[in-house]
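S.K.: This is the structure, below, for whatever I ask next.
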Amino acid sequence: MATELLSPAGTLKSMRYAFAYGADAVYAGQPRYSLRVRNNEFNKIENLALAVDEAHQQGKKFYLASNLSPHNDKVRTYIRDLEPVIAMKPDALIMADPGLIMLVREHWPDQPIHLSVQANAVNYATVKFWAKQGIERVILSRELSIDEIIDISQECPETEIEVFVHGALCIAYSGRCLLSGYMTHRDSNQGACTNSCRWEYNSHEAKENELGDLIAVDTSSQPQAWTPDEVQPVLLQEKSRPGEYMPAYEDEHGTYIMNSKDLRAVQHVERLVKMGVHSLKIEGRTKSHYYVARTAQVYRKAIDAAEAGIPFDMNLMRELEHLANRGYTEGFYRRHAPSEYQNYEKGVSNNPAQQFVGEATGYDKTNGWLTIEAKNKFSQGDQVELITPKGNIPFVVGDIANKKGQSVDSAPGSGHIVRLPLDGLDLGEDGGYAMLMRHL
């Protein structure tokens, strides 16, 4: 059994790049019924139909997330809205709510269903229960160790198992969070998460009043001395909400509150493949096609190497450093990760070592000219890398020509069209999904 690489698709373009760079399947969402209700291309039924058709024409799979926790108003409209989607024959629905699963089973008993990570399956008894309800695949909670995944796989050999290997992590149990609803009245379990856990917060010195409540003190005063084994109470203030304070506690290392590092488990792909996990999933339906392509490329290499018996290449971990991230963690896969596998230094966004500067839109094999739609500025003499589905090509930018064929020193970015002389590329006339990166 080959292990499936499953990539996110928030847009048609992201889906196409995912497939070009090695994904076997993609997952998208119904805006009203998935956990990403913000507008995207798939709120138009014709775009969803086109995506499913394109995937099937390439022999790929298209899964549809329908995994929110619905209130009554959405339950009443669900079957009506899902009927035209079922007619498109998506390869599976990704679902979490037992009531909606029951409705789909009653109306379309042959429709494959995958259990969403939102259902929080953390043991083999849960997997067996859902298998009896006709669930073909269970996406396990992110809170499991590899040893626990092995136990579940061995106890439930008839059920497909899917796990996350890359992307944003949530501070709540597999995404069941109330913080966004508390802060902004936008319910993350209804698909409207505002990522309140990742906003910028500042700490304020606090003291107890006569009622025992923590109140902010004058921030211009000097904080009192305290020893490392004491706990210093502070009040947090989100920068766009002056005067609204939340109590927290800070030790000598700083304030730890909500912002998780990003998951990166490429180093565990070899073991996950060997133990028979059916699908390795990348998070990020709201991310760019650049992110989708780069993650698919790296994890495709890791899966192919594992299936061929080739030892893991640590360079793949460094490849993922080129993507913006909040620091990486391997999550719960192991209790103690080696230092080279995990960033203990900071949880804020890291600047990537590369910048996405252009997208190939054409290639003339006769003259060896590559046409680039610039996204960010790059200039003659820059160290760059052309990312292609068949391999990456580093080079130094030489001549640059504008649309009129005139020589220019740089491509200004912001959609400017330029051409670069590059002979011998194995690209189609449309540019073959190639992207240009500049080393910073």
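So you can find residues: chains in the structure tokens are A, B, ... in the order shown, residues in each start at 1, and ligands are numbered from 1 in order.
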Which neighbours of region 329-334 of chain A fall inside 9 Å, counting only C-alpha atoms, when residues of the same chain fewer than 6 positions from it are skipped, and could you give them as a PDB file with all heavy atoms, in the first residue's frame?
M.R.:
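Contents of part.pdb, as written:
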```pdb
ATOM      1  N   ARG A 142      -4.186  15.174  16.867  1.00  0.00           N
ATOM      2  CA  ARG A 142      -2.775  15.560  16.842  1.00  0.00           C
ATOM      3  C   ARG A 142      -2.078  15.271  18.171  1.00  0.00           C
ATOM      4  O   ARG A 142      -0.862  15.360  18.257  1.00  0.00           O
ATOM      5  CB  ARG A 142      -2.651  17.052  16.526  1.00  0.00           C
ATOM      6  CG  ARG A 142      -3.126  17.461  15.137  1.00  0.00           C
ATOM      7  CD  ARG A 142      -2.960  18.965  14.998  1.00  0.00           C
ATOM      8  NE  ARG A 142      -3.259  19.460  13.657  1.00  0.00           N
ATOM      9  CZ  ARG A 142      -4.437  19.942  13.295  1.00  0.00           C
ATOM     10  NH1 ARG A 142      -5.429  19.969  14.165  1.00  0.00           N
ATOM     11  NH2 ARG A 142      -4.633  20.407  12.077  1.00  0.00           N
ATOM     12  N   GLU A 143      -2.845  14.976  19.213  1.00  0.00           N
ATOM     13  CA  GLU A 143      -2.275  14.810  20.545  1.00  0.00           C
ATOM     14  C   GLU A 143      -1.700  13.413  20.799  1.00  0.00           C
ATOM     15  O   GLU A 143      -1.322  13.091  21.927  1.00  0.00           O
ATOM     16  CB  GLU A 143      -3.341  15.134  21.603  1.00  0.00           C
ATOM     17  CG  GLU A 143      -3.746  16.596  21.650  1.00  0.00           C
ATOM     18  CD  GLU A 143      -4.662  17.016  20.517  1.00  0.00           C
ATOM     19  OE1 GLU A 143      -5.359  16.154  19.945  1.00  0.00           O
ATOM     20  OE2 GLU A 143      -4.675  18.218  20.200  1.00  0.00           O
ATOM     21  N   LEU A 144      -1.621  12.575  19.787  1.00  0.00           N
ATOM     22  CA  LEU A 144      -1.146  11.205  19.964  1.00  0.00           C
ATOM     23  C   LEU A 144       0.337  11.063  19.665  1.00  0.00           C
ATOM     24  O   LEU A 144       0.888  11.753  18.800  1.00  0.00           O
ATOM     25  CB  LEU A 144      -1.925  10.261  19.043  1.00  0.00           C
ATOM     26  CG  LEU A 144      -3.421  10.109  19.332  1.00  0.00           C
ATOM     27  CD1 LEU A 144      -4.071   9.243  18.275  1.00  0.00           C
ATOM     28  CD2 LEU A 144      -3.640   9.532  20.711  1.00  0.00           C
ATOM     29  N   SER A 145       0.973  10.139  20.371  1.00  0.00           N
ATOM     30  CA  SER A 145       2.363   9.792  20.086  1.00  0.00           C
ATOM     31  C   SER A 145       2.409   8.754  18.968  1.00  0.00           C
ATOM     32  O   SER A 145       1.392   8.124  18.643  1.00  0.00           O
ATOM     33  CB  SER A 145       3.034   9.230  21.334  1.00  0.00           C
ATOM     34  OG  SER A 145       2.489   7.956  21.645  1.00  0.00           O
ATOM     35  N   ILE A 146       3.586   8.553  18.418  1.00  0.00           N
ATOM     36  CA  ILE A 146       3.737   7.535  17.372  1.00  0.00           C
ATOM     37  C   ILE A 146       3.400   6.150  17.926  1.00  0.00           C
ATOM     38  O   ILE A 146       2.758   5.329  17.249  1.00  0.00           O
ATOM     39  CB  ILE A 146       5.158   7.567  16.787  1.00  0.00           C
ATOM     40  CG1 ILE A 146       5.319   8.794  15.877  1.00  0.00           C
ATOM     41  CG2 ILE A 146       5.462   6.291  16.013  1.00  0.00           C
ATOM     42  CD1 ILE A 146       6.637   8.882  15.173  1.00  0.00           C
ATOM     43  N   ASP A 147       3.815   5.854  19.150  1.00  0.00           N
ATOM     44  CA  ASP A 147       3.517   4.542  19.734  1.00  0.00           C
ATOM     45  C   ASP A 147       2.010   4.324  19.868  1.00  0.00           C
ATOM     46  O   ASP A 147       1.509   3.214  19.644  1.00  0.00           O
ATOM     47  CB  ASP A 147       4.186   4.415  21.102  1.00  0.00           C
ATOM     48  CG  ASP A 147       5.704   4.293  20.984  1.00  0.00           C
ATOM     49  OD1 ASP A 147       6.183   3.914  19.904  1.00  0.00           O
ATOM     50  OD2 ASP A 147       6.397   4.597  21.976  1.00  0.00           O
ATOM     51  N   VAL A 165       1.103  15.908   9.493  1.00  0.00           N
ATOM     52  CA  VAL A 165       2.567  15.934   9.587  1.00  0.00           C
ATOM     53  C   VAL A 165       3.149  17.336   9.465  1.00  0.00           C
ATOM     54  O   VAL A 165       4.338  17.538   9.734  1.00  0.00           O
ATOM     55  CB  VAL A 165       3.215  15.025   8.515  1.00  0.00           C
ATOM     56  CG1 VAL A 165       2.970  13.554   8.824  1.00  0.00           C
ATOM     57  CG2 VAL A 165       2.739  15.384   7.110  1.00  0.00           C
ATOM     58  N   HIS A 166       2.334  18.314   9.078  1.00  0.00           N
ATOM     59  CA  HIS A 166       2.898  19.658   8.912  1.00  0.00           C
ATOM     60  C   HIS A 166       1.798  20.711   9.006  1.00  0.00           C
ATOM     61  O   HIS A 166       0.662  20.483   8.584  1.00  0.00           O
ATOM     62  CB  HIS A 166       3.590  19.790   7.543  1.00  0.00           C
ATOM     63  CG  HIS A 166       4.497  20.988   7.462  1.00  0.00           C
ATOM     64  ND1 HIS A 166       5.822  20.930   7.816  1.00  0.00           N
ATOM     65  CD2 HIS A 166       4.264  22.276   7.107  1.00  0.00           C
ATOM     66  CE1 HIS A 166       6.369  22.126   7.671  1.00  0.00           C
ATOM     67  NE2 HIS A 166       5.442  22.964   7.245  1.00  0.00           N
ATOM     68  N   LEU A 169      -0.515  24.470  14.499  1.00  0.00           N
ATOM     69  CA  LEU A 169      -1.126  23.733  15.597  1.00  0.00           C
ATOM     70  C   LEU A 169      -2.015  24.666  16.400  1.00  0.00           C
ATOM     71  O   LEU A 169      -1.783  25.876  16.456  1.00  0.00           O
ATOM     72  CB  LEU A 169      -0.054  23.148  16.519  1.00  0.00           C
ATOM     73  CG  LEU A 169       0.777  21.994  15.954  1.00  0.00           C
ATOM     74  CD1 LEU A 169       1.907  21.664  16.926  1.00  0.00           C
ATOM     75  CD2 LEU A 169      -0.083  20.761  15.725  1.00  0.00           C
ATOM     76  N   SER A 260       1.187  28.464  19.673  1.00  0.00           N
ATOM     77  CA  SER A 260       1.954  27.240  19.436  1.00  0.00           C
ATOM     78  C   SER A 260       2.932  27.408  18.283  1.00  0.00           C
ATOM     79  O   SER A 260       2.684  28.150  17.334  1.00  0.00           O
ATOM     80  CB  SER A 260       1.002  26.092  19.114  1.00  0.00           C
ATOM     81  OG  SER A 260       1.714  24.955  18.693  1.00  0.00           O
ATOM     82  N   LYS A 261       4.036  26.686  18.378  1.00  0.00           N
ATOM     83  CA  LYS A 261       4.913  26.539  17.214  1.00  0.00           C
ATOM     84  C   LYS A 261       4.176  25.739  16.134  1.00  0.00           C
ATOM     85  O   LYS A 261       3.143  25.133  16.380  1.00  0.00           O
ATOM     86  CB  LYS A 261       6.210  25.835  17.599  1.00  0.00           C
ATOM     87  CG  LYS A 261       7.118  26.616  18.554  1.00  0.00           C
ATOM     88  CD  LYS A 261       8.377  25.833  18.836  1.00  0.00           C
ATOM     89  CE  LYS A 261       9.365  26.640  19.680  1.00  0.00           C
ATOM     90  NZ  LYS A 261       8.901  26.819  21.065  1.00  0.00           N
ATOM     91  N   ASP A 262       4.729  25.709  14.933  1.00  0.00           N
ATOM     92  CA  ASP A 262       4.136  24.955  13.824  1.00  0.00           C
ATOM     93  C   ASP A 262       4.648  23.517  13.823  1.00  0.00           C
ATOM     94  O   ASP A 262       5.810  23.254  14.156  1.00  0.00           O
ATOM     95  CB  ASP A 262       4.473  25.616  12.482  1.00  0.00           C
ATOM     96  CG  ASP A 262       3.792  26.956  12.303  1.00  0.00           C
ATOM     97  OD1 ASP A 262       2.764  27.185  12.961  1.00  0.00           O
ATOM     98  OD2 ASP A 262       4.291  27.776  11.507  1.00  0.00           O
ATOM     99  N   LEU A 263       3.779  22.613  13.417  1.00  0.00           N
ATOM    100  CA  LEU A 263       4.143  21.203  13.332  1.00  0.00           C
ATOM    101  C   LEU A 263       5.039  20.963  12.121  1.00  0.00           C
ATOM    102  O   LEU A 263       4.763  21.428  11.019  1.00  0.00           O
ATOM    103  CB  LEU A 263       2.873  20.349  13.219  1.00  0.00           C
ATOM    104  CG  LEU A 263       3.077  18.847  13.001  1.00  0.00           C
ATOM    105  CD1 LEU A 263       3.759  18.212  14.204  1.00  0.00           C
ATOM    106  CD2 LEU A 263       1.732  18.166  12.735  1.00  0.00           C
ATOM    107  N   ARG A 264       6.130  20.224  12.355  1.00  0.00           N
ATOM    108  CA  ARG A 264       6.989  19.727  11.272  1.00  0.00           C
ATOM    109  C   ARG A 264       7.422  18.323  11.659  1.00  0.00           C
ATOM    110  O   ARG A 264       8.245  18.146  12.540  1.00  0.00           O
ATOM    111  CB  ARG A 264       8.215  20.625  11.075  1.00  0.00           C
ATOM    112  CG  ARG A 264       9.174  20.105  10.006  1.00  0.00           C
ATOM    113  CD  ARG A 264      10.441  20.952   9.899  1.00  0.00           C
ATOM    114  NE  ARG A 264      11.174  20.984  11.164  1.00  0.00           N
ATOM    115  CZ  ARG A 264      12.273  21.714  11.365  1.00  0.00           C
ATOM    116  NH1 ARG A 264      12.746  22.475  10.407  1.00  0.00           N
ATOM    117  NH2 ARG A 264      12.884  21.701  12.536  1.00  0.00           N
ATOM    118  N   ALA A 265       6.864  17.336  10.979  1.00  0.00           N
ATOM    119  CA  ALA A 265       7.145  15.941  11.326  1.00  0.00           C
ATOM    120  C   ALA A 265       7.735  15.175  10.152  1.00  0.00           C
ATOM    121  O   ALA A 265       7.584  13.954  10.068  1.00  0.00           O
ATOM    122  CB  ALA A 265       5.874  15.259  11.825  1.00  0.00           C
ATOM    123  N   VAL A 266       8.411  15.873   9.256  1.00  0.00           N
ATOM    124  CA  VAL A 266       8.991  15.196   8.095  1.00  0.00           C
ATOM    125  C   VAL A 266       9.999  14.138   8.538  1.00  0.00           C
ATOM    126  O   VAL A 266      10.188  13.119   7.853  1.00  0.00           O
ATOM    127  CB  VAL A 266       9.634  16.226   7.137  1.00  0.00           C
ATOM    128  CG1 VAL A 266      10.851  16.903   7.755  1.00  0.00           C
ATOM    129  CG2 VAL A 266       9.980  15.587   5.795  1.00  0.00           C
ATOM    130  N   GLN A 267      10.646  14.342   9.697  1.00  0.00           N
ATOM    131  CA  GLN A 267      11.623  13.384  10.204  1.00  0.00           C
ATOM    132  C   GLN A 267      10.975  12.072  10.638  1.00  0.00           C
ATOM    133  O   GLN A 267      11.665  11.073  10.850  1.00  0.00           O
ATOM    134  CB  GLN A 267      12.415  13.998  11.362  1.00  0.00           C
ATOM    135  CG  GLN A 267      11.594  14.318  12.593  1.00  0.00           C
ATOM    136  CD  GLN A 267      10.967  15.707  12.536  1.00  0.00           C
ATOM    137  OE1 GLN A 267      10.695  16.239  11.472  1.00  0.00           O
ATOM    138  NE2 GLN A 267      10.750  16.295  13.707  1.00  0.00           N
ATOM    139  N   HIS A 268       9.653  12.058  10.779  1.00  0.00           N
ATOM    140  CA  HIS A 268       8.939  10.849  11.186  1.00  0.00           C
ATOM    141  C   HIS A 268       8.232  10.167  10.019  1.00  0.00           C
ATOM    142  O   HIS A 268       7.563   9.144  10.224  1.00  0.00           O
ATOM    143  CB  HIS A 268       7.909  11.177  12.267  1.00  0.00           C
ATOM    144  CG  HIS A 268       8.520  11.631  13.555  1.00  0.00           C
ATOM    145  ND1 HIS A 268       9.458  10.887  14.232  1.00  0.00           N
ATOM    146  CD2 HIS A 268       8.349  12.771  14.276  1.00  0.00           C
ATOM    147  CE1 HIS A 268       9.825  11.535  15.328  1.00  0.00           C
ATOM    148  NE2 HIS A 268       9.166  12.683  15.375  1.00  0.00           N
ATOM    149  N   TYR A 341      15.893  18.797  16.207  1.00  0.00           N
ATOM    150  CA  TYR A 341      14.564  18.639  15.652  1.00  0.00           C
ATOM    151  C   TYR A 341      13.577  19.702  16.119  1.00  0.00           C
ATOM    152  O   TYR A 341      12.475  19.788  15.616  1.00  0.00           O
ATOM    153  CB  TYR A 341      13.987  17.267  16.035  1.00  0.00           C
ATOM    154  CG  TYR A 341      14.568  16.099  15.285  1.00  0.00           C
ATOM    155  CD1 TYR A 341      14.387  14.811  15.746  1.00  0.00           C
ATOM    156  CD2 TYR A 341      15.303  16.282  14.120  1.00  0.00           C
ATOM    157  CE1 TYR A 341      14.903  13.721  15.068  1.00  0.00           C
ATOM    158  CE2 TYR A 341      15.825  15.205  13.440  1.00  0.00           C
ATOM    159  CZ  TYR A 341      15.626  13.922  13.910  1.00  0.00           C
ATOM    160  OH  TYR A 341      16.139  12.856  13.232  1.00  0.00           O
ATOM    161  N   GLN A 342      13.938  20.466  17.126  1.00  0.00           N
ATOM    162  CA  GLN A 342      12.950  21.374  17.696  1.00  0.00           C
ATOM    163  C   GLN A 342      13.597  22.698  18.078  1.00  0.00           C
ATOM    164  O   GLN A 342      14.711  22.734  18.576  1.00  0.00           O
ATOM    165  CB  GLN A 342      12.291  20.737  18.920  1.00  0.00           C
ATOM    166  CG  GLN A 342      11.111  21.528  19.450  1.00  0.00           C
ATOM    167  CD  GLN A 342      10.172  20.660  20.246  1.00  0.00           C
ATOM    168  OE1 GLN A 342      10.215  19.451  20.157  1.00  0.00           O
ATOM    169  NE2 GLN A 342       9.309  21.265  21.026  1.00  0.00           N
ATOM    170  N   ASN A 343      12.861  23.778  17.835  1.00  0.00           N
ATOM    171  CA  ASN A 343      13.330  25.120  18.156  1.00  0.00           C
ATOM    172  C   ASN A 343      12.787  25.521  19.523  1.00  0.00           C
ATOM    173  O   ASN A 343      11.600  25.741  19.684  1.00  0.00           O
ATOM    174  CB  ASN A 343      12.847  26.097  17.072  1.00  0.00           C
ATOM    175  CG  ASN A 343      13.240  27.525  17.365  1.00  0.00           C
ATOM    176  OD1 ASN A 343      13.894  27.807  18.361  1.00  0.00           O
ATOM    177  ND2 ASN A 343      12.862  28.425  16.485  1.00  0.00           N
ATOM    178  N   TYR A 344      13.681  25.603  20.503  1.00  0.00           N
ATOM    179  CA  TYR A 344      13.262  25.976  21.846  1.00  0.00           C
ATOM    180  C   TYR A 344      13.454  27.471  22.107  1.00  0.00           C
ATOM    181  O   TYR A 344      13.168  27.953  23.197  1.00  0.00           O
ATOM    182  CB  TYR A 344      14.077  25.210  22.894  1.00  0.00           C
ATOM    183  CG  TYR A 344      13.803  23.730  22.909  1.00  0.00           C
ATOM    184  CD1 TYR A 344      14.663  22.843  22.293  1.00  0.00           C
ATOM    185  CD2 TYR A 344      12.674  23.221  23.532  1.00  0.00           C
ATOM    186  CE1 TYR A 344      14.416  21.476  22.318  1.00  0.00           C
ATOM    187  CE2 TYR A 344      12.415  21.857  23.553  1.00  0.00           C
ATOM    188  CZ  TYR A 344      13.303  20.988  22.947  1.00  0.00           C
ATOM    189  OH  TYR A 344      13.045  19.642  22.967  1.00  0.00           O
TER     190      TYR A 344
END
```
S.K.: Skipping near chain neighbours, those fewer than 6 positions away, what residues fall within 10 Å of region 78-83 of chain A using only C-alpha atoms, listed as number ranges by chain?
M.R.: A: 30, 32-33, 66, 70, 72, 100, 103-104, 107-108
S.K.: Using C-alpha atoms, can you export the residues from the last selection as a short mmCIF file (atom, residue, chain, number, x, y, z; two decimals), in the first residue's frame?
M.R.:
```cif
data_model
loop_
_atom_site.label_atom_id
_atom_site.label_comp_id
_atom_site.auth_asym_id
_atom_site.auth_seq_id
_atom_site.Cartn_x
_atom_site.Cartn_y
_atom_site.Cartn_z
CA GLN A 30 -17.57 23.98 1.87
CA ARG A 32 -20.68 27.26 5.11
CA TYR A 33 -20.03 23.84 6.58
CA SER A 66 -17.72 19.34 6.02
CA PRO A 70 -23.43 22.85 13.46
CA ASN A 72 -29.82 23.96 14.29
CA LEU A 100 -24.62 15.24 10.08
CA LEU A 103 -28.04 12.43 7.75
CA VAL A 104 -25.47 11.67 5.04
CA HIS A 107 -29.50 10.04 2.17
CA TRP A 108 -26.34 8.73 0.47
#
```
S.K.: With distances taken over only C-alpha atoms, which of A:Pro394, A:Leu323, A:Asp53, A:Asn315 is nearest to Thr295 (chain A)?
M.R.: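 Using only C-alpha atoms, Thr295 (chain A) sits closest to A:Leu323.
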S.K.: Compile the contact shell of Asn367 (chain A) as JSON, numbers by chain: residues with an atom at most 9 Å away, counting only C-alpha atoms, same-chain residues fewer than 5 positions apart removed.
M.R.: {"A": [421, 422, 423]}
S.K.: Considering only C-alpha atoms, return as a ChimeraX atom specification whatever protein or nucleic-acid residues lie within 8 Å of Glu4 (chain A), sequence-local ones (same chain, fewer than 4 positions apart) excluded.
M.R.: /A:23-25,278-280
S.K.: Please identify which residues in region 13-214 of chain A DSSP calls helix (DSSP H, G or I) from the backbone, and express them as number ranges by chain.
M.R.: A: 13-20, 41-43, 45-57, 72-86, 98-107, 117-119, 124-132, 146-155, 179-184, 188-190, 196-198
S.K.: Neighbouring residues of region 381-386 of chain A were defined as those with any atom within 6 Å, considering only C-alpha atoms; residues of the same chain fewer than 4 positions away were excluded. Please report them as a PyMOL selection string.
M.R.: chain A and resi 392-397+435-439
S.K.: Convert the current residue selection to file output with C-alpha atoms, as a PDB file, in the first residue's frame.
M.R.:
```
ATOM      1  CA  ASN A 392      15.282  22.829  -8.110  1.00  0.00           C
ATOM      2  CA  ILE A 393      17.889  24.836 -10.018  1.00  0.00           C
ATOM      3  CA  PRO A 394      20.088  27.403  -8.220  1.00  0.00           C
ATOM      4  CA  PHE A 395      21.689  30.166 -10.297  1.00  0.00           C
ATOM      5  CA  VAL A 396      22.779  33.810 -10.253  1.00  0.00           C
ATOM      6  CA  VAL A 397      20.506  36.257 -12.063  1.00  0.00           C
ATOM      7  CA  MET A 435       8.550  29.444  -9.114  1.00  0.00           C
ATOM      8  CA  LEU A 436      11.522  31.730  -8.530  1.00  0.00           C
ATOM      9  CA  MET A 437      12.985  32.179  -5.036  1.00  0.00           C
ATOM     10  CA  ARG A 438      15.608  34.695  -3.932  1.00  0.00           C
ATOM     11  CA  HIS A 439      18.096  33.742  -1.221  1.00  0.00           C
TER      12      HIS A 439
END
```
S.K.: For each of A:Ser410, A:Gln154, A:Thr3, A:Gln111, take the minimum atom-to-atom distance to Ala308 (chain A), counting only C-alpha atoms, then give the residue where this is smallest.
M.R.: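 Closest residue, counting only C-alpha atoms: A:Thr3.
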S.K.: Give me, as number ranges by chain, all polymer residues having an atom no more than 12 Å from Met88 (chain A), counting only C-alpha atoms and skipping those fewer than 2 positions away in the same chain.
M.R.: A: 45-56, 62-64, 82-86, 90-93, 111
S.K.: Can you pull out every residue from region 63-152 of chain A that DSSP, working from the backbone, puts in strand (DSSP E), and format the result as a list in words?
M.R.: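 The strand (DSSP E) subset of region 63-152 of chain A is Tyr63, Leu64, Ala65, Ala92, Leu93, Ile94, Met95, Ile113, His114, Leu115, Arg137, Val138 and Ile139 of chain A.
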S.K.: Excluding Lys13 (chain A) and any residue of its chain fewer than 6 positions from it, enumerate the residues within 12 Å of it, using only C-alpha atoms, and give them as a PyMOL selection string.
M.R.: chain A and resi 19-20+26+40-42+47+50-51+54+285+287-293+433
S.K.: Pick out the closest residue to Arg16 (chain A) from this set: A:Pro31, A:Glu162, A:Pro389, A:Asp399. Count only C-alpha atoms.
M.R.: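 Of A:Pro31, A:Glu162, A:Pro389, A:Asp399, the one nearest Arg16 (chain A), counting only C-alpha atoms, is A:Pro389.
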S.K.: Closest to Leu272 (chain A) among A:Glu307, A:Ala9, A:Asn43, A:Val408, using only C-alpha atoms?
M.R.: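 That would be A:Glu307, the residue with the smallest distance to Leu272 (chain A).
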S.K.: Have a look at A:Gly362, A:Pro8, A:Pro98, A:Pro311 and name the one nearest to Trp130 (chain A); count only C-alpha atoms.
M.R.: A:Pro98
S.K.: Here is a test: counting only C-alpha atoms, which residue of A:Val122, A:Ile152, A:Cys177, A:Val75 is nearest to Ile101 (chain A)?
M.R.: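 For Ile101 (chain A), the nearest of the candidates is A:Val75.
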S.K.: I'd like the interatomic distance between CA of Ile139 (chain A) and CA of Met275 (chain A), to a tenth of an Å.
M.R.: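 Separating CA of Ile139 (chain A) from CA of Met275 (chain A) is a distance of 15.6 Å.
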S.K.: Please, what distance in Å, to one decimal, runs between CA of Arg335 (chain A) and CA of Ile150 (chain A)?
M.R.: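 Distance reported for this atom pair: 15.6 Å.
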